[in-house]
Amino acid sequence: MRDSVGVHHVEPLTFSSALLSWKFAFWWDLLIALIGAVYAAGVLRLHRRTPHRKWPAHRSWLFAAGLVSWFVAMNSFVGVYSHALFTMHMVQHLMLIMLVPALLIYGKPLQLYSELDESGARERLLRGRAVGMLTHPAWTMVLYTVVLVATHLTSFMQIMLLNPWLHHAESALYLVTGYLTFLPLLGTEPTRWQHFPYPLRVFSAMMGMGPDTGIGVILMMADDPLFPAYSEMRDWWMDDGTLTVLADQRLGGGIMWFFGDALMAVFALVLVKQWMRAKGSEAGFGNWLESARRSALADTDEDDRSAARSLQASEDLDEDEQARQAYNAMLARLAQHDRNERGG
(Lines give C-alpha, C1' and ligand atoms only; values in the text may rest on other atoms or scores of the structure.)
Protein backbone atom coordinates (compact mmCIF):
# COMPACT_ATOMS: atom_id res chain seq x y z
CA MET A 1 0.00 0.00 0.00
CA ARG A 2 1.07 3.60 -0.59
CA ASP A 3 0.25 6.86 1.10
CA SER A 4 -0.05 10.27 -0.52
CA VAL A 5 3.73 10.80 -0.66
CA GLY A 6 4.37 7.43 -2.29
CA VAL A 7 5.95 5.49 0.59
CA HIS A 8 5.15 1.77 0.70
CA HIS A 9 3.91 0.69 4.10
CA VAL A 10 5.50 -2.74 4.20
CA GLU A 11 7.36 -4.27 7.07
CA PRO A 12 11.15 -4.56 6.87
CA LEU A 13 12.00 -7.61 4.82
CA THR A 14 12.72 -10.57 7.06
CA PHE A 15 12.13 -14.29 6.75
CA SER A 16 8.85 -14.10 8.67
CA SER A 17 7.58 -11.01 6.83
CA ALA A 18 8.44 -12.68 3.53
CA LEU A 19 6.29 -15.69 4.41
CA LEU A 20 3.38 -13.57 5.60
CA SER A 21 3.43 -10.86 2.93
CA TRP A 22 0.88 -11.66 0.25
CA LYS A 23 -1.31 -9.58 -2.01
CA PHE A 24 -3.82 -10.54 -4.67
CA ALA A 25 -3.27 -9.04 -8.08
CA PHE A 26 -6.83 -9.57 -9.26
CA TRP A 27 -6.42 -9.08 -12.99
CA TRP A 28 -3.19 -11.06 -13.16
CA ASP A 29 -4.75 -13.89 -11.13
CA LEU A 30 -7.80 -13.88 -13.40
CA LEU A 31 -5.57 -14.16 -16.48
CA ILE A 32 -3.53 -16.98 -14.92
CA ALA A 33 -6.70 -18.89 -14.00
CA LEU A 34 -8.15 -18.39 -17.49
CA ILE A 35 -5.00 -19.67 -19.22
CA GLY A 36 -4.87 -22.67 -16.90
CA ALA A 37 -8.54 -23.47 -17.51
CA VAL A 38 -8.13 -23.27 -21.30
CA TYR A 39 -5.09 -25.56 -21.20
CA ALA A 40 -6.84 -28.09 -18.94
CA ALA A 41 -9.94 -28.05 -21.16
CA GLY A 42 -7.76 -28.69 -24.19
CA VAL A 43 -6.10 -31.69 -22.54
CA LEU A 44 -9.46 -33.18 -21.56
CA ARG A 45 -10.87 -32.61 -25.02
CA LEU A 46 -7.87 -34.32 -26.61
CA HIS A 47 -8.25 -37.31 -24.29
CA ARG A 48 -11.94 -37.68 -25.16
CA ARG A 49 -11.30 -37.38 -28.88
CA THR A 50 -8.37 -39.81 -29.03
CA PRO A 51 -8.44 -42.11 -25.99
CA HIS A 52 -5.44 -44.03 -27.32
CA ARG A 53 -3.41 -40.81 -27.63
CA LYS A 54 -2.76 -39.49 -24.12
CA TRP A 55 -1.29 -36.05 -23.60
CA PRO A 56 2.00 -36.55 -21.67
CA ALA A 57 1.47 -35.80 -17.99
CA HIS A 58 4.87 -34.16 -17.55
CA ARG A 59 3.89 -31.44 -20.04
CA SER A 60 0.82 -30.59 -17.97
CA TRP A 61 2.92 -30.49 -14.81
CA LEU A 62 5.49 -28.18 -16.41
CA PHE A 63 2.77 -25.86 -17.67
CA ALA A 64 1.16 -25.84 -14.22
CA ALA A 65 4.55 -25.07 -12.65
CA GLY A 66 4.86 -22.09 -14.98
CA LEU A 67 1.46 -20.76 -13.91
CA VAL A 68 2.30 -21.27 -10.23
CA SER A 69 5.61 -19.44 -10.68
CA TRP A 70 3.74 -16.64 -12.40
CA PHE A 71 1.26 -16.48 -9.49
CA VAL A 72 4.09 -16.38 -6.94
CA ALA A 73 5.90 -13.62 -8.84
CA MET A 74 2.81 -11.40 -8.79
CA ASN A 75 1.26 -12.22 -5.39
CA SER A 76 3.93 -13.31 -2.92
CA PHE A 77 6.52 -11.15 -1.13
CA VAL A 78 8.32 -10.93 -4.47
CA GLY A 79 5.45 -8.87 -5.84
CA VAL A 80 4.78 -7.06 -2.56
CA TYR A 81 8.36 -5.80 -2.22
CA SER A 82 9.13 -5.39 -5.94
CA HIS A 83 8.18 -1.70 -5.82
CA ALA A 84 10.05 -1.06 -2.57
CA LEU A 85 13.34 -2.90 -3.20
CA PHE A 86 15.28 -3.10 -6.44
CA THR A 87 16.52 -6.54 -5.40
CA MET A 88 12.96 -7.87 -5.30
CA HIS A 89 12.23 -6.18 -8.60
CA MET A 90 15.14 -8.08 -10.10
CA VAL A 91 13.93 -11.39 -8.66
CA GLN A 92 10.49 -10.76 -10.14
CA HIS A 93 12.06 -9.71 -13.43
CA LEU A 94 14.05 -12.96 -13.75
CA MET A 95 10.98 -15.02 -12.92
CA LEU A 96 8.80 -13.27 -15.50
CA ILE A 97 11.27 -13.08 -18.38
CA MET A 98 13.03 -16.44 -17.95
CA LEU A 99 11.55 -18.96 -15.52
CA VAL A 100 7.84 -18.59 -16.26
CA PRO A 101 8.16 -18.50 -20.09
CA ALA A 102 10.51 -21.50 -20.11
CA LEU A 103 8.11 -23.65 -18.05
CA LEU A 104 5.13 -22.61 -20.17
CA ILE A 105 7.03 -23.45 -23.37
CA TYR A 106 7.98 -26.89 -22.05
CA GLY A 107 4.25 -27.45 -21.51
CA LYS A 108 3.80 -27.20 -25.32
CA PRO A 109 0.51 -25.27 -25.42
CA LEU A 110 0.90 -24.53 -29.15
CA GLN A 111 1.18 -28.21 -29.99
CA LEU A 112 -1.91 -28.91 -27.91
CA TYR A 113 -3.65 -26.07 -29.73
CA SER A 114 -2.74 -27.51 -33.15
CA GLU A 115 -3.62 -31.12 -32.29
CA LEU A 116 -7.15 -30.09 -31.36
CA ASP A 117 -7.73 -28.94 -34.94
CA GLU A 118 -8.21 -31.87 -37.30
CA SER A 119 -8.26 -29.62 -40.37
CA GLY A 120 -4.64 -28.59 -39.88
CA ALA A 121 -5.48 -24.88 -40.24
CA ARG A 122 -3.99 -24.02 -36.85
CA GLU A 123 -0.73 -25.76 -37.62
CA ARG A 124 -0.51 -23.97 -40.98
CA LEU A 125 -1.07 -20.70 -39.13
CA LEU A 126 1.70 -21.46 -36.63
CA ARG A 127 4.07 -22.43 -39.43
CA GLY A 128 3.11 -19.39 -41.48
CA ARG A 129 5.33 -16.53 -42.46
CA ALA A 130 3.99 -14.03 -39.88
CA VAL A 131 4.59 -16.31 -36.88
CA GLY A 132 7.94 -17.33 -38.33
CA MET A 133 9.10 -13.71 -38.54
CA LEU A 134 7.76 -12.90 -35.07
CA THR A 135 9.68 -15.81 -33.52
CA HIS A 136 12.85 -15.55 -35.62
CA PRO A 137 15.78 -16.33 -33.24
CA ALA A 138 17.85 -13.35 -34.40
CA TRP A 139 14.97 -10.92 -33.89
CA THR A 140 13.94 -12.31 -30.50
CA MET A 141 17.48 -12.11 -29.12
CA VAL A 142 17.67 -8.47 -30.22
CA LEU A 143 14.28 -7.87 -28.57
CA TYR A 144 15.53 -9.49 -25.35
CA THR A 145 18.59 -7.22 -25.28
CA VAL A 146 16.67 -4.05 -26.11
CA VAL A 147 14.05 -4.70 -23.41
CA LEU A 148 16.70 -5.28 -20.73
CA VAL A 149 18.60 -2.14 -21.67
CA ALA A 150 15.49 0.01 -21.98
CA THR A 151 14.08 -0.99 -18.59
CA HIS A 152 17.32 -0.83 -16.59
CA LEU A 153 19.72 1.67 -18.17
CA THR A 154 17.29 4.45 -19.10
CA SER A 155 14.92 6.66 -17.15
CA PHE A 156 12.12 4.08 -17.53
CA MET A 157 12.67 2.61 -14.06
CA GLN A 158 12.54 6.04 -12.44
CA ILE A 159 9.32 6.88 -14.29
CA MET A 160 7.84 3.46 -13.46
CA LEU A 161 8.45 3.97 -9.74
CA LEU A 162 6.52 7.25 -9.83
CA ASN A 163 3.74 5.77 -11.98
CA PRO A 164 2.90 2.31 -10.59
CA TRP A 165 0.59 1.41 -13.48
CA LEU A 166 3.72 1.13 -15.62
CA HIS A 167 4.81 -1.74 -13.41
CA HIS A 168 2.02 -3.88 -14.87
CA ALA A 169 3.03 -2.89 -18.41
CA GLU A 170 6.62 -3.81 -17.60
CA SER A 171 5.55 -7.22 -16.25
CA ALA A 172 3.56 -7.93 -19.42
CA LEU A 173 6.54 -6.83 -21.54
CA TYR A 174 8.84 -9.23 -19.68
CA LEU A 175 6.43 -12.15 -20.13
CA VAL A 176 5.93 -11.59 -23.87
CA THR A 177 9.63 -10.96 -24.49
CA GLY A 178 10.66 -14.05 -22.57
CA TYR A 179 8.16 -16.27 -24.38
CA LEU A 180 9.20 -15.04 -27.83
CA THR A 181 12.89 -15.32 -26.96
CA PHE A 182 12.86 -18.85 -25.60
CA LEU A 183 10.26 -20.35 -27.94
CA PRO A 184 12.73 -21.08 -30.80
CA LEU A 185 15.51 -21.96 -28.32
CA LEU A 186 13.81 -24.30 -25.86
CA GLY A 187 10.63 -25.37 -27.61
CA THR A 188 9.75 -27.97 -30.20
CA GLU A 189 6.42 -26.36 -30.92
CA PRO A 190 4.92 -26.69 -34.45
CA THR A 191 6.44 -23.46 -35.79
CA ARG A 192 9.01 -22.82 -38.48
CA TRP A 193 11.73 -23.16 -35.85
CA GLN A 194 10.62 -26.56 -34.61
CA HIS A 195 13.76 -28.15 -36.09
CA PHE A 196 16.10 -25.26 -35.33
CA PRO A 197 19.54 -26.93 -35.06
CA TYR A 198 20.73 -27.58 -31.53
CA PRO A 199 24.20 -26.11 -32.18
CA LEU A 200 22.54 -22.77 -32.95
CA ARG A 201 20.23 -23.09 -29.95
CA VAL A 202 23.16 -23.63 -27.60
CA PHE A 203 25.04 -20.73 -29.19
CA SER A 204 22.01 -18.45 -28.81
CA ALA A 205 21.60 -19.41 -25.15
CA MET A 206 25.25 -18.60 -24.48
CA MET A 207 24.91 -15.29 -26.31
CA GLY A 208 21.91 -14.51 -24.10
CA MET A 209 24.27 -14.29 -21.13
CA GLY A 210 25.77 -11.12 -22.59
CA PRO A 211 22.94 -8.67 -21.78
CA ASP A 212 22.46 -10.08 -18.26
CA THR A 213 26.18 -9.85 -17.55
CA GLY A 214 26.71 -6.41 -19.05
CA ILE A 215 23.72 -4.74 -17.40
CA GLY A 216 24.35 -6.50 -14.09
CA VAL A 217 27.96 -5.28 -14.00
CA ILE A 218 26.92 -1.72 -14.86
CA LEU A 219 24.41 -1.72 -12.00
CA MET A 220 27.01 -3.11 -9.62
CA MET A 221 29.76 -0.67 -10.62
CA ALA A 222 27.66 2.52 -10.64
CA ASP A 223 28.90 5.15 -8.17
CA ASP A 224 25.49 6.78 -7.80
CA PRO A 225 21.94 5.42 -7.69
CA LEU A 226 20.43 5.16 -11.15
CA PHE A 227 16.91 5.08 -9.68
CA PRO A 228 16.85 7.58 -6.77
CA ALA A 229 13.06 7.31 -6.54
CA TYR A 230 13.57 4.05 -4.64
CA SER A 231 14.47 6.21 -1.64
CA GLU A 232 10.82 7.34 -1.56
CA MET A 233 9.37 3.85 -1.89
CA ARG A 234 9.79 2.77 1.74
CA ASP A 235 10.16 4.34 5.18
CA TRP A 236 12.55 1.81 6.71
CA TRP A 237 16.11 0.54 6.38
CA MET A 238 17.74 -2.66 7.43
CA ASP A 239 18.73 -2.77 11.09
CA ASP A 240 22.42 -2.30 10.33
CA GLY A 241 21.71 0.61 8.03
CA THR A 242 23.65 -0.83 5.10
CA LEU A 243 20.80 -1.33 2.64
CA THR A 244 20.98 2.10 1.10
CA VAL A 245 19.50 2.78 -2.33
CA LEU A 246 22.94 2.30 -3.90
CA ALA A 247 23.60 -0.94 -1.99
CA ASP A 248 20.15 -2.21 -3.00
CA GLN A 249 20.92 -1.37 -6.64
CA ARG A 250 24.29 -3.13 -6.54
CA LEU A 251 22.78 -6.22 -4.95
CA GLY A 252 20.09 -6.27 -7.63
CA GLY A 253 22.76 -6.03 -10.33
CA GLY A 254 24.56 -8.99 -8.78
CA ILE A 255 21.34 -11.00 -8.79
CA MET A 256 20.81 -10.19 -12.46
CA TRP A 257 24.38 -11.13 -13.36
CA PHE A 258 24.66 -14.35 -11.36
CA PHE A 259 21.18 -15.82 -11.53
CA GLY A 260 20.48 -14.58 -15.07
CA ASP A 261 23.64 -16.29 -16.34
CA ALA A 262 22.94 -19.34 -14.17
CA LEU A 263 19.49 -19.84 -15.71
CA MET A 264 20.93 -19.40 -19.22
CA ALA A 265 23.62 -21.95 -18.39
CA VAL A 266 20.97 -24.43 -17.21
CA PHE A 267 19.05 -23.93 -20.45
CA ALA A 268 22.27 -24.45 -22.44
CA LEU A 269 23.04 -27.70 -20.57
CA VAL A 270 19.52 -29.00 -21.21
CA LEU A 271 19.94 -28.16 -24.90
CA VAL A 272 23.31 -29.93 -25.05
CA LYS A 273 21.70 -33.04 -23.55
CA GLN A 274 18.92 -32.89 -26.15
CA TRP A 275 21.50 -32.28 -28.87
CA MET A 276 23.32 -35.48 -27.95
CA ARG A 277 20.09 -37.43 -28.49
CA ALA A 278 18.97 -35.54 -31.60
CA LYS A 279 18.97 -37.05 -35.05
CA GLY A 280 18.49 -35.66 -38.52
CA SER A 281 18.40 -31.97 -39.29
CA GLU A 282 18.26 -30.87 -35.65
CA ALA A 283 21.66 -32.43 -34.91
CA GLY A 284 23.50 -30.37 -37.52
CA PHE A 285 23.20 -27.64 -40.10
CA GLY A 286 23.04 -29.32 -43.51
CA ASN A 287 19.47 -30.53 -43.76
CA TRP A 288 18.17 -27.53 -41.82
CA LEU A 289 19.85 -25.06 -44.17
CA GLU A 290 18.40 -26.88 -47.16
CA SER A 291 14.92 -26.84 -45.62
CA ALA A 292 15.33 -23.14 -44.81
CA ARG A 293 16.31 -22.49 -48.43
CA ARG A 294 13.25 -24.34 -49.68
CA SER A 295 11.04 -22.48 -47.24
CA ALA A 296 12.45 -19.16 -48.43
CA LEU A 297 11.81 -20.14 -52.03
CA ALA A 298 8.27 -21.19 -51.15
CA ASP A 299 7.64 -17.72 -49.72
CA THR A 300 8.80 -15.94 -52.86
CA ASP A 301 6.15 -13.63 -54.26
CA GLU A 302 4.21 -14.79 -57.31
CA ASP A 303 5.80 -12.07 -59.43
CA ASP A 304 9.26 -13.30 -58.49
CA ARG A 305 8.29 -16.86 -59.30
CA SER A 306 6.89 -15.76 -62.68
CA ALA A 307 10.08 -13.88 -63.42
CA ALA A 308 12.10 -16.92 -62.47
CA ARG A 309 10.01 -19.11 -64.75
CA SER A 310 10.41 -16.63 -67.62
CA LEU A 311 14.15 -16.51 -67.09
CA GLN A 312 14.31 -20.29 -67.02
CA ALA A 313 12.25 -20.48 -70.22
CA SER A 314 14.60 -17.98 -71.86
CA GLU A 315 17.59 -20.02 -70.79
CA ASP A 316 15.94 -23.15 -72.16
CA LEU A 317 15.35 -21.39 -75.52
CA ASP A 318 18.99 -20.29 -75.62
CA GLU A 319 20.12 -23.83 -74.96
CA ASP A 320 17.82 -25.14 -77.73
CA GLU A 321 19.18 -22.55 -80.18
CA GLN A 322 22.75 -23.47 -79.35
CA ALA A 323 21.97 -27.16 -79.82
CA ARG A 324 20.31 -26.48 -83.19
CA GLN A 325 23.31 -24.48 -84.43
CA ALA A 326 25.73 -27.17 -83.31
CA TYR A 327 23.66 -29.82 -85.11
CA ASN A 328 23.63 -27.77 -88.35
CA ALA A 329 27.40 -27.26 -88.13
CA MET A 330 27.89 -31.00 -87.76
CA LEU A 331 25.74 -31.65 -90.84
CA ALA A 332 27.75 -29.08 -92.79
CA ARG A 333 31.02 -30.75 -91.86
CA LEU A 334 29.69 -34.16 -92.88
CA ALA A 335 28.52 -32.78 -96.23
CA GLN A 336 31.90 -31.15 -96.88
CA HIS A 337 33.68 -34.36 -95.99
CA ASP A 338 31.46 -36.30 -98.41
CA ARG A 339 32.14 -33.83 -101.23
CA ASN A 340 35.88 -34.04 -100.64
CA GLU A 341 35.77 -37.83 -100.86
CA ARG A 342 33.81 -37.74 -104.17
CA GLY A 343 36.17 -35.17 -105.60
CA GLY A 344 39.19 -37.37 -104.73
# chains A, B, ... in the order shown; residues from 1 in each chain; ligands from 1
>>> residues_around(residues="Thr177 of chain A", least_positions_apart="4", cutoff="7 Å", atoms="only C-alpha atoms", output="PyMOL selection string")
chain A and resi 97+143-144+173+181
>>> closest_atom_pairs(of="segment 246-275 of chain A", to="segment 212-232 of chain A", cutoff="10 Å", atoms="only C-alpha atoms", output="CSV")
residue,atom,partner,partner_atom,distance
A:Leu246,CA,A:Pro225,CA,5.0
A:Ala247,CA,A:Met220,CA,8.6
A:Asp248,CA,A:Pro225,CA,9.1
A:Gln249,CA,A:Leu219,CA,6.4
A:Arg250,CA,A:Met220,CA,4.1
A:Leu251,CA,A:Met220,CA,7.0
A:Gly252,CA,A:Leu219,CA,7.7
A:Gly253,CA,A:Gly216,CA,4.1
A:Gly254,CA,A:Gly216,CA,5.9
A:Ile255,CA,A:Gly216,CA,7.6
A:Met256,CA,A:Gly216,CA,5.4
A:Trp257,CA,A:Gly216,CA,4.7
A:Phe258,CA,A:Thr213,CA,7.8
A:Phe259,CA,A:Asp212,CA,8.9
A:Gly260,CA,A:Asp212,CA,5.9
A:Asp261,CA,A:Asp212,CA,6.6
A:Met264,CA,A:Asp212,CA,9.5
>>> closest_residue(among="A:Val131, A:Leu126, A:Val146, A:Met95", to="Ser114 of chain A", atoms="only C-alpha atoms")
A:Leu126
>>> atom_distance(atom1="atom CA of Trp70 of chain A", atom2="atom CA of Ala150 of chain A")
22.5 Å
>>> decode(residues="segment 129-166 of chain A", atoms="N, CA and C atoms", output="JSON list (two decimals), in the first residue's frame")
[["chain", "number", "residue", "atom", "x", "y", "z"],
["A", 129, "ARG", "N", 4.26, -17.50, -42.35],
["A", 129, "ARG", "CA", 5.33, -16.53, -42.46],
["A", 129, "ARG", "C", 5.29, -15.51, -41.31],
["A", 130, "ALA", "N", 4.10, -15.07, -40.92],
["A", 130, "ALA", "CA", 3.99, -14.03, -39.88],
["A", 130, "ALA", "C", 4.53, -14.55, -38.55],
["A", 131, "VAL", "N", 4.10, -15.74, -38.14],
["A", 131, "VAL", "CA", 4.59, -16.31, -36.88],
["A", 131, "VAL", "C", 6.08, -16.61, -36.99],
["A", 132, "GLY", "N", 6.52, -17.05, -38.15],
["A", 132, "GLY", "CA", 7.94, -17.33, -38.33],
["A", 132, "GLY", "C", 8.79, -16.09, -38.16],
["A", 133, "MET", "N", 8.34, -14.96, -38.69],
["A", 133, "MET", "CA", 9.10, -13.71, -38.54],
["A", 133, "MET", "C", 9.06, -13.22, -37.10],
["A", 134, "LEU", "N", 7.90, -13.37, -36.44],
["A", 134, "LEU", "CA", 7.76, -12.90, -35.07],
["A", 134, "LEU", "C", 8.65, -13.68, -34.11],
["A", 135, "THR", "N", 8.89, -14.95, -34.41],
["A", 135, "THR", "CA", 9.68, -15.81, -33.52],
["A", 135, "THR", "C", 11.06, -16.11, -34.09],
["A", 136, "HIS", "N", 11.52, -15.32, -35.05],
["A", 136, "HIS", "CA", 12.85, -15.55, -35.62],
["A", 136, "HIS", "C", 13.90, -15.40, -34.52],
["A", 137, "PRO", "N", 14.81, -16.38, -34.35],
["A", 137, "PRO", "CA", 15.78, -16.33, -33.24],
["A", 137, "PRO", "C", 16.63, -15.07, -33.22],
["A", 138, "ALA", "N", 17.03, -14.57, -34.38],
["A", 138, "ALA", "CA", 17.85, -13.35, -34.40],
["A", 138, "ALA", "C", 17.06, -12.15, -33.89],
["A", 139, "TRP", "N", 15.80, -12.03, -34.32],
["A", 139, "TRP", "CA", 14.97, -10.92, -33.89],
["A", 139, "TRP", "C", 14.65, -11.01, -32.41],
["A", 140, "THR", "N", 14.32, -12.19, -31.90],
["A", 140, "THR", "CA", 13.94, -12.31, -30.50],
["A", 140, "THR", "C", 15.11, -12.04, -29.57],
["A", 141, "MET", "N", 16.33, -12.41, -29.97],
["A", 141, "MET", "CA", 17.48, -12.11, -29.12],
["A", 141, "MET", "C", 17.75, -10.62, -29.09],
["A", 142, "VAL", "N", 17.55, -9.93, -30.21],
["A", 142, "VAL", "CA", 17.67, -8.47, -30.22],
["A", 142, "VAL", "C", 16.60, -7.85, -29.33],
["A", 143, "LEU", "N", 15.38, -8.37, -29.42],
["A", 143, "LEU", "CA", 14.28, -7.87, -28.57],
["A", 143, "LEU", "C", 14.62, -8.05, -27.10],
["A", 144, "TYR", "N", 15.15, -9.21, -26.74],
["A", 144, "TYR", "CA", 15.53, -9.49, -25.35],
["A", 144, "TYR", "C", 16.55, -8.45, -24.85],
["A", 145, "THR", "N", 17.55, -8.18, -25.66],
["A", 145, "THR", "CA", 18.59, -7.22, -25.28],
["A", 145, "THR", "C", 18.03, -5.81, -25.14],
["A", 146, "VAL", "N", 17.22, -5.40, -26.12],
["A", 146, "VAL", "CA", 16.67, -4.05, -26.11],
["A", 146, "VAL", "C", 15.77, -3.84, -24.90],
["A", 147, "VAL", "N", 14.95, -4.83, -24.56],
["A", 147, "VAL", "CA", 14.05, -4.70, -23.41],
["A", 147, "VAL", "C", 14.84, -4.57, -22.11],
["A", 148, "LEU", "N", 15.89, -5.37, -21.95],
["A", 148, "LEU", "CA", 16.70, -5.28, -20.73],
["A", 148, "LEU", "C", 17.37, -3.92, -20.61],
["A", 149, "VAL", "N", 17.94, -3.44, -21.70],
["A", 149, "VAL", "CA", 18.60, -2.14, -21.67],
["A", 149, "VAL", "C", 17.59, -1.02, -21.40],
["A", 150, "ALA", "N", 16.46, -1.07, -22.09],
["A", 150, "ALA", "CA", 15.49, 0.01, -21.98],
["A", 150, "ALA", "C", 14.87, 0.11, -20.59],
["A", 151, "THR", "N", 14.73, -1.02, -19.90],
["A", 151, "THR", "CA", 14.08, -0.99, -18.59],
["A", 151, "THR", "C", 15.05, -0.86, -17.43],
["A", 152, "HIS", "N", 16.36, -0.90, -17.70],
["A", 152, "HIS", "CA", 17.32, -0.83, -16.59],
["A", 152, "HIS", "C", 18.38, 0.25, -16.76],
["A", 153, "LEU", "N", 18.65, 0.69, -17.96],
["A", 153, "LEU", "CA", 19.72, 1.67, -18.17],
["A", 153, "LEU", "C", 19.19, 2.99, -18.74],
["A", 154, "THR", "N", 17.90, 3.19, -18.67],
["A", 154, "THR", "CA", 17.29, 4.45, -19.10],
["A", 154, "THR", "C", 16.48, 5.01, -17.93],
["A", 155, "SER", "N", 15.75, 6.05, -18.19],
["A", 155, "SER", "CA", 14.92, 6.66, -17.15],
["A", 155, "SER", "C", 13.61, 5.93, -16.94],
["A", 156, "PHE", "N", 13.39, 4.79, -17.65],
["A", 156, "PHE", "CA", 12.12, 4.08, -17.53],
["A", 156, "PHE", "C", 11.86, 3.66, -16.09],
["A", 157, "MET", "N", 12.87, 3.09, -15.41],
["A", 157, "MET", "CA", 12.67, 2.61, -14.06],
["A", 157, "MET", "C", 12.26, 3.74, -13.13],
["A", 158, "GLN", "N", 12.89, 4.89, -13.27],
["A", 158, "GLN", "CA", 12.54, 6.04, -12.44],
["A", 158, "GLN", "C", 11.10, 6.46, -12.68],
["A", 159, "ILE", "N", 10.70, 6.51, -13.95],
["A", 159, "ILE", "CA", 9.32, 6.88, -14.29],
["A", 159, "ILE", "C", 8.35, 5.82, -13.78],
["A", 160, "MET", "N", 8.71, 4.55, -13.90],
["A", 160, "MET", "CA", 7.84, 3.46, -13.46],
["A", 160, "MET", "C", 7.59, 3.53, -11.95],
["A", 161, "LEU", "N", 8.62, 3.88, -11.18],
["A", 161, "LEU", "CA", 8.45, 3.97, -9.74],
["A", 161, "LEU", "C", 7.46, 5.07, -9.36],
["A", 162, "LEU", "N", 7.43, 6.14, -10.12],
["A", 162, "LEU", "CA", 6.52, 7.25, -9.83],
["A", 162, "LEU", "C", 5.16, 7.06, -10.45],
["A", 163, "ASN", "N", 5.03, 6.08, -11.34],
["A", 163, "ASN", "CA", 3.74, 5.77, -11.98],
["A", 163, "ASN", "C", 3.52, 4.25, -11.91],
["A", 164, "PRO", "N", 2.97, 3.76, -10.82],
["A", 164, "PRO", "CA", 2.90, 2.31, -10.59],
["A", 164, "PRO", "C", 2.18, 1.53, -11.68],
["A", 165, "TRP", "N", 1.28, 2.16, -12.43],
["A", 165, "TRP", "CA", 0.59, 1.41, -13.48],
["A", 165, "TRP", "C", 1.57, 0.90, -14.53],
["A", 166, "LEU", "N", 2.72, 1.59, -14.67],
["A", 166, "LEU", "CA", 3.72, 1.13, -15.62],
["A", 166, "LEU", "C", 4.36, -0.19, -15.19]]
